[in-house]
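Here the structure is laid out as structure tokens; the discussion comes afterwards.
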Amino acid sequence: MDNNLRASWNRLCDTLKNSADYIFDPSLGADASEQAEGLRHQLRMFYWAFDRIVENNDPDHPELGWTYPFKVGQDNPDALYMTAPVDLRRTYRLTGRIDALRYLGLSLMDFRFGRGRITQLVDVGSTELTDIGGGRIDVVFSPDPDPGDHLGDWFQVEPLRCRLFVRQFFSDWAAEDHAELHLECLDPSGPVSRLDPVRTCELFDELAREVDTVPEFWTEFAGEQRNRGQVNSFGHVPAHKVSQSGQGGSEKQAYGQCWYEVGPDEALLLEVTPPDCLYWNIQVGDMWYQSLDFVNLPATMNDSQARIDPDGMLRVVISHQDPGIQNWIALGGCTRGALTYRWNNADSAPVPALALMSAAAASGRLHPDTPRLDPGERAAINAERRRHALRRFTR
């Protein structure tokens with residue numbers, strides 16, 4: 001028996017058990033429902049970290065894969081996130097077709113969430129990638145200079161070990177579809193088919209550090225907005241793009257976030273004139289900084305799903321009760337958490353206005369031409385939403 005393996009396994013199990021202590025800390029004030037969601041979030045983080053650290057961690061033979069549900073750092077409900085390990089002392093080629101979706105983002109970055117500033121070596125979007133014909137791309141990441149004899153794009157990068165992070169954004173869930181992508185290392189060593197005991201101990205220890213750090217980091221990240229008094233207001237957000245690169249965000253997007261607190265009979269009315277942009281999104285999440293159930297509820301809204309009023313204004317009701325309008329973001333009984341918007345490839349970064357009021361009062365603040373939905377129409381919209389969301393995550 002390898003005592004080191006047994007010891008690393010025990011450390012991992014002990015860490016997983018103790019890592020959830022903050023969920024039950026009385027100072028956090030989580031009720032039983034929130035604690036249940038907190039434990040689920042902890043297990044989701046463990047599941048994602050295991051896939052990334054143990055299962056899909058061979059940079060010589062990378063697998064560009066995704067996990068579902070990906071509930072990390074106020075994940076975008078319009079997205080399919082993919083990652084793959086890369087050792088940039090070697091050369092990698094990403095090929096595929098990307099014309100079936102709204103936006104593709106590529107980042108080469110480390111994943112030091114909760115352990116310091118994130119380093120991003122490359123952050124590029126589909127609008128900057130060369131179409132080599134038929135909506136196809138051919139992208140090379142290499143420590144070597146661009147030889148200039150290729151059709152697509154070449155990025156010379158520092159010879160570091162990190163991960164390729166891919167954002168696929170879908171605005172029209174019914175009409176848009178996955179990119180077809182293939183990543184390969186052009187100068188690999190032989191495949192590793194079985195785990196090395198020494199390396200396994202290292203991986204288990206890394207997995208333990210991840211589960212002990214990252215879930216609590218995101219909870220504190222969201223909670224700091226509440227602690228700073230940034231509640232039910234974006235008044236603290238500047239009306240220009242601020243870099244979120246150090247937190248893992250994309251430079252192609254302007255973000256705004258605040259903490260929301262909305263009672264069962266209350267509503268937040270959000271008003272903004274959206275910028276001219278490739279794509280935009282507004283969403284809600286819980287206190288653990290994970291998106292709410294966007295498969296079964298309209299817990300998010302984007303530029304394809306929303307109705308813009310005749311005066312050019314977007315008005316959205318955020319509430320637990322269905323107001324019977326198209327522009328509804330559902331809280332589904334989650335009375336507090338994080339509210340986020342994204343403007344992607346935008347010409348400006350307008351800050352939405354928020355107003356808390358009774359659910360009944362919100363109806364009177366809408367544009368007089370706002371069309372109404374009956375329960376049957378809402379049920380049909382939700383059924384279609386669920387069908388297309390699950391199609392994206394076929395497994």
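Naming works like this for the structure tokens: A, B, ... for the chains as they're shown, residue 1 at the start of each chain, ligands 1 onward in shown order.
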**Prompt:** Hey, what's within 10 Å of Ala361 (chain A) if we count only C-alpha atoms and toss same-chain stuff fewer than 6 positions away? As a PyMOL selection string, please?
**Reply:** chain A and resi 266-267+269
**Request:** Go through region 53-117 of chain A and collect every residue that DSSP, computed from the backbone, puts in strand (DSSP E); the answer should be as a PyMOL selection string.
**Result:** chain A and resi 79-87+92-97+103-109
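Using only C-alpha atoms for every distance, the candidate list A:Arg90, A:Asn18, A:Ala380, A:Asn345 yields A:Asn345 as the residue closest to Ser126 (chain A).
Between Glu37 (chain A) and the residues A:Pro215, A:Pro145, A:Pro352, A:Gly229, the shortest atom-to-atom distance, using only C-alpha atoms, involves A:Pro215.
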Region 351-380 of chain A near region 234-248 of chain A within 12 Å: what's each residue's closest atom pair and its distance in Å to one decimal, counting only C-alpha atoms, ordered by chain then ascending residue number, as CSV?
```
residue,atom,partner,partner_atom,distance
A:Val351,CA,A:Ala239,CA,5.8
A:Pro352,CA,A:Phe234,CA,6.7
A:Ala353,CA,A:Phe234,CA,6.8
A:Leu354,CA,A:Phe234,CA,7.2
A:Ala355,CA,A:Phe234,CA,10.3
```
Any chance you can output those residues with all heavy atoms as a tab-separated table (two decimals), in the first residue's frame?
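So out-v4.tsv came out as:
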```tsv
chain	number	residue	atom	x	y	z
A	351	VAL	N	-25.31	52.71	-17.62
A	351	VAL	CA	-25.58	52.10	-16.31
A	351	VAL	C	-27.09	52.10	-16.09
A	351	VAL	O	-27.73	53.17	-16.07
A	351	VAL	CB	-24.88	52.89	-15.19
A	351	VAL	CG1	-25.22	52.28	-13.84
A	351	VAL	CG2	-23.38	52.89	-15.42
A	352	PRO	N	-27.71	50.94	-15.92
A	352	PRO	CA	-29.16	50.89	-15.71
A	352	PRO	C	-29.57	51.54	-14.39
A	352	PRO	O	-28.82	51.52	-13.39
A	352	PRO	CB	-29.47	49.39	-15.69
A	352	PRO	CG	-28.30	48.73	-16.37
A	352	PRO	CD	-27.12	49.58	-16.03
A	353	ALA	N	-30.76	52.10	-14.39
A	353	ALA	CA	-31.38	52.59	-13.17
A	353	ALA	C	-32.21	51.47	-12.55
A	353	ALA	O	-32.85	50.69	-13.26
A	353	ALA	CB	-32.27	53.79	-13.47
A	354	LEU	N	-32.19	51.38	-11.23
A	354	LEU	CA	-32.97	50.38	-10.49
A	354	LEU	C	-33.85	51.09	-9.48
A	354	LEU	O	-33.42	52.05	-8.82
A	354	LEU	CB	-32.06	49.39	-9.76
A	354	LEU	CG	-31.29	48.36	-10.58
A	354	LEU	CD1	-30.33	47.58	-9.68
A	354	LEU	CD2	-32.24	47.40	-11.28
A	355	ALA	N	-35.07	50.59	-9.32
A	355	ALA	CA	-35.97	51.14	-8.31
A	355	ALA	C	-36.73	49.99	-7.67
A	355	ALA	O	-37.33	49.16	-8.37
A	355	ALA	CB	-36.95	52.13	-8.94
```
